[in-house]
Amino acid sequence: MANVTEEHKPKAERGEYGKGTLLARPNGRWQIQYSDSSGRRRSESFSTELKATKALTKRLMQRDAGVLDVTNDTRVKMSGLAESYKLYAKNSAPKSYDWIELVWRVHLEPVFGHLNAGRITVDDIERYRAKRQDDEAAPSTINRECAVLRAIFGHALFGDKISRIPKFPKKLKEANPRSGFLSSEQYKALQTACPQTWLRALLAVAYNFGFRKSELLGLRVSQVDLRAKTIKLLPGETKSGHGRTVVMTADVLPLITECVNGKSPSDAVFTWGSGRPVKDFRQAWATMCGAAGVEILLHDFRRTAVRNLIRAGVSRDVARKISGHETDSVFSRYNITDESDLTDAARKLESSKLAAEVAANQ
């Protein structure tokens with residue numbers, strides 16, 4: 001097919017009144033122009049002529065049927081859409097609200113807040129990602145910030161505040177998830193190096209049951225039943241929204257007992273010596289790790305708990321109920337095989353071969 005030079009491209013003319021116009025742009029994109037049911041002139045851009053033609057036909061049919069949205073996206077500020085979405089998040093996803101508000105206020109608002117929703121393009125989003133990469137933000141962080149931006153658009157579209165969502169680029173490639181584990185020797189070293197009872201109890205619960213940080217710090221005395229030896233996480237207070245109950249092990253029970261004795265049901269289980277609930281314990285954690293000579297994150301306890309449950313012969317379904325993983329795919333990401341697992345597998349394989357040889361020679 002012969003190349004068509006710019007000067008030989010057919011010039012598109014305004015279509016018959018009421019039928020809309022299809023225009024070929026110098027940048028290779030195609031634009032449609034049409035009047036909505038209120039008589040306002042509107043335009044949209046597409047990557048191919050076929051997409052543009054189909055869209056124009058659809059818009060005209062919607063207009064003639066009286067179902068074409070007449071919202072003018074170019075007059076809707078992103079700041080207003082963000083406020084609407086934050087209000088929705090505060091009511092429907094309160095646990096995520098603080099993070100969403102922070103991402104918008106610190107990162108997204110300075111770039112997108114003053115812009116009209118209908119003017120934002122994929123290039124604007126790409127420039128934002130490039131800026132965040134220059135700031136040395138991790139790809140996973142940038143992806144989640146863009147997810148908030150997309151959610152703002154999605155909420156606005158659902159509420160008929162805008163008529164379209166801009167195209168978003170593919171997610172940035174993220175690093176493989178952290179695969180740190182805690183050995184039993186390291187766990188014992190941390191317990192020995194820790195002077196605070198509440199922190200030793202927190203370590204024990206995390207090591208045995210894989211509770212998340214928010215689940216640990218949110219525990220109240222009323223959720224602990226010393227007679228039944230159980231700890232209950234209440235529905236709505238976990239990441240999945242589902243409650244769950246665990247039976248305390250022999251090492252967890254005395255530590256938790258010491259934490260709850262003398263407290264009222266509404267008190268936090270983990271408190272400082274002054275009785276103040278523990279919220280930020282980074283310094284205490286760093287001091288403990290330094291004294292034990294162990295570099296570990298609290299979230300690594302969650303991964304370790306999953307592996308230990310499976311190694312102990314607990315079924316996957318029961319282990320998932322204990323750890324609170326919503327799906328089997330996410331659970332599998334935490335049940336990561338490490339070198340010691342491979343060594344154990346090789347040892348079992350050799351033992352099996354040896355047993356087979358002995359049986360064959362008898």
# chains A, B, ... in the order shown; residues from 1 in each chain; ligands from 1
>>> select_by_dssp(residues="range 21-110 of chain A", states="strand (DSSP E)", output="ChimeraX atom specification")
/A:21-24,30-35,41-46
>>> residues_around(residues="range 254-269 of chain A", least_positions_apart="3", cutoff="7 Å", atoms="only C-alpha atoms", output="ChimeraX atom specification")
/A:197-198,201,219-222,251,277
>>> write_last_selection(atoms="N, CA and C atoms", output="PDB file, in the first residue's frame")
ATOM      1  N   THR A 197       7.266  -6.935  78.202  1.00  0.00           N
ATOM      2  CA  THR A 197       6.340  -8.072  78.144  1.00  0.00           C
ATOM      3  C   THR A 197       5.389  -7.950  76.966  1.00  0.00           C
ATOM      4  N   TRP A 198       4.867  -6.733  76.740  1.00  0.00           N
ATOM      5  CA  TRP A 198       3.899  -6.554  75.665  1.00  0.00           C
ATOM      6  C   TRP A 198       4.504  -6.878  74.312  1.00  0.00           C
ATOM      7  N   ALA A 201       4.843 -10.618  73.923  1.00  0.00           N
ATOM      8  CA  ALA A 201       3.529 -11.191  73.625  1.00  0.00           C
ATOM      9  C   ALA A 201       3.139 -10.931  72.172  1.00  0.00           C
ATOM     10  N   LEU A 219      -6.117  -4.992  69.013  1.00  0.00           N
ATOM     11  CA  LEU A 219      -6.687  -5.955  69.955  1.00  0.00           C
ATOM     12  C   LEU A 219      -7.127  -5.269  71.251  1.00  0.00           C
ATOM     13  N   ARG A 220      -8.304  -5.638  71.722  1.00  0.00           N
ATOM     14  CA  ARG A 220      -8.821  -5.171  72.995  1.00  0.00           C
ATOM     15  C   ARG A 220      -8.975  -6.357  73.946  1.00  0.00           C
ATOM     16  N   VAL A 221      -8.950  -6.068  75.230  1.00  0.00           N
ATOM     17  CA  VAL A 221      -9.029  -7.121  76.242  1.00  0.00           C
ATOM     18  C   VAL A 221     -10.289  -7.971  76.065  1.00  0.00           C
ATOM     19  N   SER A 222     -11.378  -7.359  75.647  1.00  0.00           N
ATOM     20  CA  SER A 222     -12.637  -8.079  75.458  1.00  0.00           C
ATOM     21  C   SER A 222     -12.545  -9.164  74.390  1.00  0.00           C
ATOM     22  N   ASP A 251       2.919 -21.112  74.535  1.00  0.00           N
ATOM     23  CA  ASP A 251       3.831 -19.982  74.730  1.00  0.00           C
ATOM     24  C   ASP A 251       3.113 -18.638  74.641  1.00  0.00           C
ATOM     25  N   PRO A 277      -1.861   2.940  74.916  1.00  0.00           N
ATOM     26  CA  PRO A 277      -1.846   1.922  73.855  1.00  0.00           C
ATOM     27  C   PRO A 277      -0.633   2.072  72.948  1.00  0.00           C
TER      28      PRO A 277
END
>>> select_by_dssp(residues="range 145-251 of chain A", states="alpha helix (DSSP H)", output="mmCIF file with C-alpha atoms, in the first residue's frame")
data_model
loop_
_atom_site.group_PDB
_atom_site.id
_atom_site.type_symbol
_atom_site.label_atom_id
_atom_site.label_comp_id
_atom_site.auth_asym_id
_atom_site.auth_seq_id
_atom_site.Cartn_x
_atom_site.Cartn_y
_atom_site.Cartn_z
ATOM 1 C CA GLU A 145 -0.764 6.033 43.519
ATOM 2 C CA CYS A 146 -2.029 5.697 39.946
ATOM 3 C CA ALA A 147 -4.618 3.207 41.211
ATOM 4 C CA VAL A 148 -5.970 5.954 43.496
ATOM 5 C CA LEU A 149 -6.149 8.336 40.513
ATOM 6 C CA ARG A 150 -7.988 5.720 38.473
ATOM 7 C CA ALA A 151 -10.374 5.069 41.379
ATOM 8 C CA ILE A 152 -11.192 8.781 41.512
ATOM 9 C CA PHE A 153 -12.124 8.696 37.828
ATOM 10 C CA GLY A 154 -14.068 5.456 38.270
ATOM 11 C CA HIS A 155 -16.114 6.858 41.137
ATOM 12 C CA ALA A 156 -16.856 10.012 39.143
ATOM 13 C CA LEU A 157 -17.935 7.968 36.107
ATOM 14 C CA PHE A 158 -20.242 5.846 38.263
ATOM 15 C CA SER A 184 13.188 -20.627 65.372
ATOM 16 C CA GLU A 185 16.676 -19.664 66.587
ATOM 17 C CA GLN A 186 16.160 -16.039 65.510
ATOM 18 C CA TYR A 187 12.751 -15.983 67.184
ATOM 19 C CA LYS A 188 14.265 -17.208 70.453
ATOM 20 C CA ALA A 189 17.025 -14.593 70.186
ATOM 21 C CA LEU A 190 14.448 -11.810 69.730
ATOM 22 C CA GLN A 191 12.407 -13.016 72.699
ATOM 23 C CA THR A 192 15.538 -13.109 74.855
ATOM 24 C CA ALA A 193 16.622 -9.613 73.762
ATOM 25 C CA THR A 197 6.340 -8.072 78.144
ATOM 26 C CA TRP A 198 3.899 -6.554 75.665
ATOM 27 C CA LEU A 199 6.437 -6.825 72.835
ATOM 28 C CA ARG A 200 7.270 -10.435 73.695
ATOM 29 C CA ALA A 201 3.529 -11.191 73.625
ATOM 30 C CA LEU A 202 3.100 -9.377 70.316
ATOM 31 C CA LEU A 203 5.995 -11.378 68.830
ATOM 32 C CA ALA A 204 4.465 -14.637 70.032
ATOM 33 C CA VAL A 205 1.050 -13.922 68.494
ATOM 34 C CA ALA A 206 2.609 -12.779 65.208
ATOM 35 C CA TYR A 207 4.957 -15.788 65.074
ATOM 36 C CA ASN A 208 2.228 -18.350 65.763
ATOM 37 C CA PHE A 209 -0.781 -16.917 63.943
ATOM 38 C CA LYS A 213 0.189 -5.196 62.469
ATOM 39 C CA SER A 214 -3.188 -3.420 62.490
ATOM 40 C CA GLU A 215 -4.861 -6.543 63.878
ATOM 41 C CA LEU A 216 -2.285 -6.794 66.664
ATOM 42 C CA LEU A 217 -2.394 -3.159 67.718
#
>>> residues_around(residues="Val103 in chain A", least_positions_apart="2", cutoff="10 Å", atoms="only C-alpha atoms", output="PyMOL selection string")
chain A and resi 97-101+105-109+141+144-146+148-149
>>> write_last_selection(atoms="N, CA and C atoms", output="mmCIF file, in the first residue's frame")
data_model
loop_
_atom_site.group_PDB
_atom_site.id
_atom_site.type_symbol
_atom_site.label_atom_id
_atom_site.label_comp_id
_atom_site.auth_asym_id
_atom_site.auth_seq_id
_atom_site.Cartn_x
_atom_site.Cartn_y
_atom_site.Cartn_z
ATOM 1 N N TYR A 97 -8.858 5.063 54.055
ATOM 2 C CA TYR A 97 -9.066 6.494 53.853
ATOM 3 C C TYR A 97 -7.813 7.316 54.117
ATOM 4 N N ASP A 98 -7.148 7.075 55.247
ATOM 5 C CA ASP A 98 -5.967 7.875 55.598
ATOM 6 C C ASP A 98 -4.907 7.798 54.513
ATOM 7 N N TRP A 99 -4.694 6.604 53.978
ATOM 8 C CA TRP A 99 -3.675 6.441 52.933
ATOM 9 C C TRP A 99 -4.112 7.137 51.650
ATOM 10 N N ILE A 100 -5.381 7.003 51.266
ATOM 11 C CA ILE A 100 -5.887 7.651 50.057
ATOM 12 C C ILE A 100 -5.764 9.165 50.183
ATOM 13 N N GLU A 101 -6.138 9.689 51.347
ATOM 14 C CA GLU A 101 -6.061 11.138 51.566
ATOM 15 C C GLU A 101 -4.626 11.616 51.481
ATOM 16 N N ARG A 105 -3.201 14.255 48.686
ATOM 17 C CA ARG A 105 -2.717 15.554 49.168
ATOM 18 C C ARG A 105 -1.234 15.768 48.861
ATOM 19 N N VAL A 106 -0.422 14.745 49.044
ATOM 20 C CA VAL A 106 1.030 14.904 48.911
ATOM 21 C C VAL A 106 1.505 14.746 47.479
ATOM 22 N N HIS A 107 0.926 13.795 46.731
ATOM 23 C CA HIS A 107 1.474 13.468 45.414
ATOM 24 C C HIS A 107 0.562 13.837 44.241
ATOM 25 N N LEU A 108 -0.697 13.450 44.303
ATOM 26 C CA LEU A 108 -1.569 13.633 43.143
ATOM 27 C C LEU A 108 -2.101 15.051 43.003
ATOM 28 N N GLU A 109 -2.519 15.655 44.098
ATOM 29 C CA GLU A 109 -3.133 16.982 44.021
ATOM 30 C C GLU A 109 -2.225 18.046 43.413
ATOM 31 N N THR A 141 4.931 1.567 44.601
ATOM 32 C CA THR A 141 4.318 2.769 45.173
ATOM 33 C C THR A 141 3.646 3.592 44.087
ATOM 34 N N ARG A 144 0.383 2.087 42.910
ATOM 35 C CA ARG A 144 -0.716 2.258 43.848
ATOM 36 C C ARG A 144 -1.216 3.696 43.867
ATOM 37 N N GLU A 145 -0.332 4.634 43.629
ATOM 38 C CA GLU A 145 -0.764 6.033 43.519
ATOM 39 C C GLU A 145 -1.631 6.223 42.278
ATOM 40 N N CYS A 146 -1.228 5.605 41.175
ATOM 41 C CA CYS A 146 -2.029 5.697 39.946
ATOM 42 C C CYS A 146 -3.357 4.966 40.110
ATOM 43 N N VAL A 148 -5.103 4.992 42.820
ATOM 44 C CA VAL A 148 -5.970 5.954 43.496
ATOM 45 C C VAL A 148 -6.537 6.938 42.465
ATOM 46 N N LEU A 149 -5.691 7.408 41.557
ATOM 47 C CA LEU A 149 -6.149 8.336 40.513
ATOM 48 C C LEU A 149 -7.221 7.682 39.660
#
>>> closest_residue(among="A:Ser37, A:Lys54, A:Leu298, A:Ala312", to="Gly66 in chain A", atoms="only C-alpha atoms")
A:Ser37
>>> atom_distance(atom1="CA of Tyr128 in chain A", atom2="CA of Gln33 in chain A")
28.9 Å
>>> residues_around(residues="Arg42 in chain A", least_positions_apart="2", cutoff="9 Å", atoms="only C-alpha atoms", output="list in words")
Ile32, Gln33, Tyr34, Ser35, Asp36, Arg40, Glu44 and Asn72 of chain A
>>> closest_residue(among="A:Val76, A:Leu253, A:Lys19, A:Thr304", to="Asp160 in chain A", atoms="only C-alpha atoms")
A:Val76
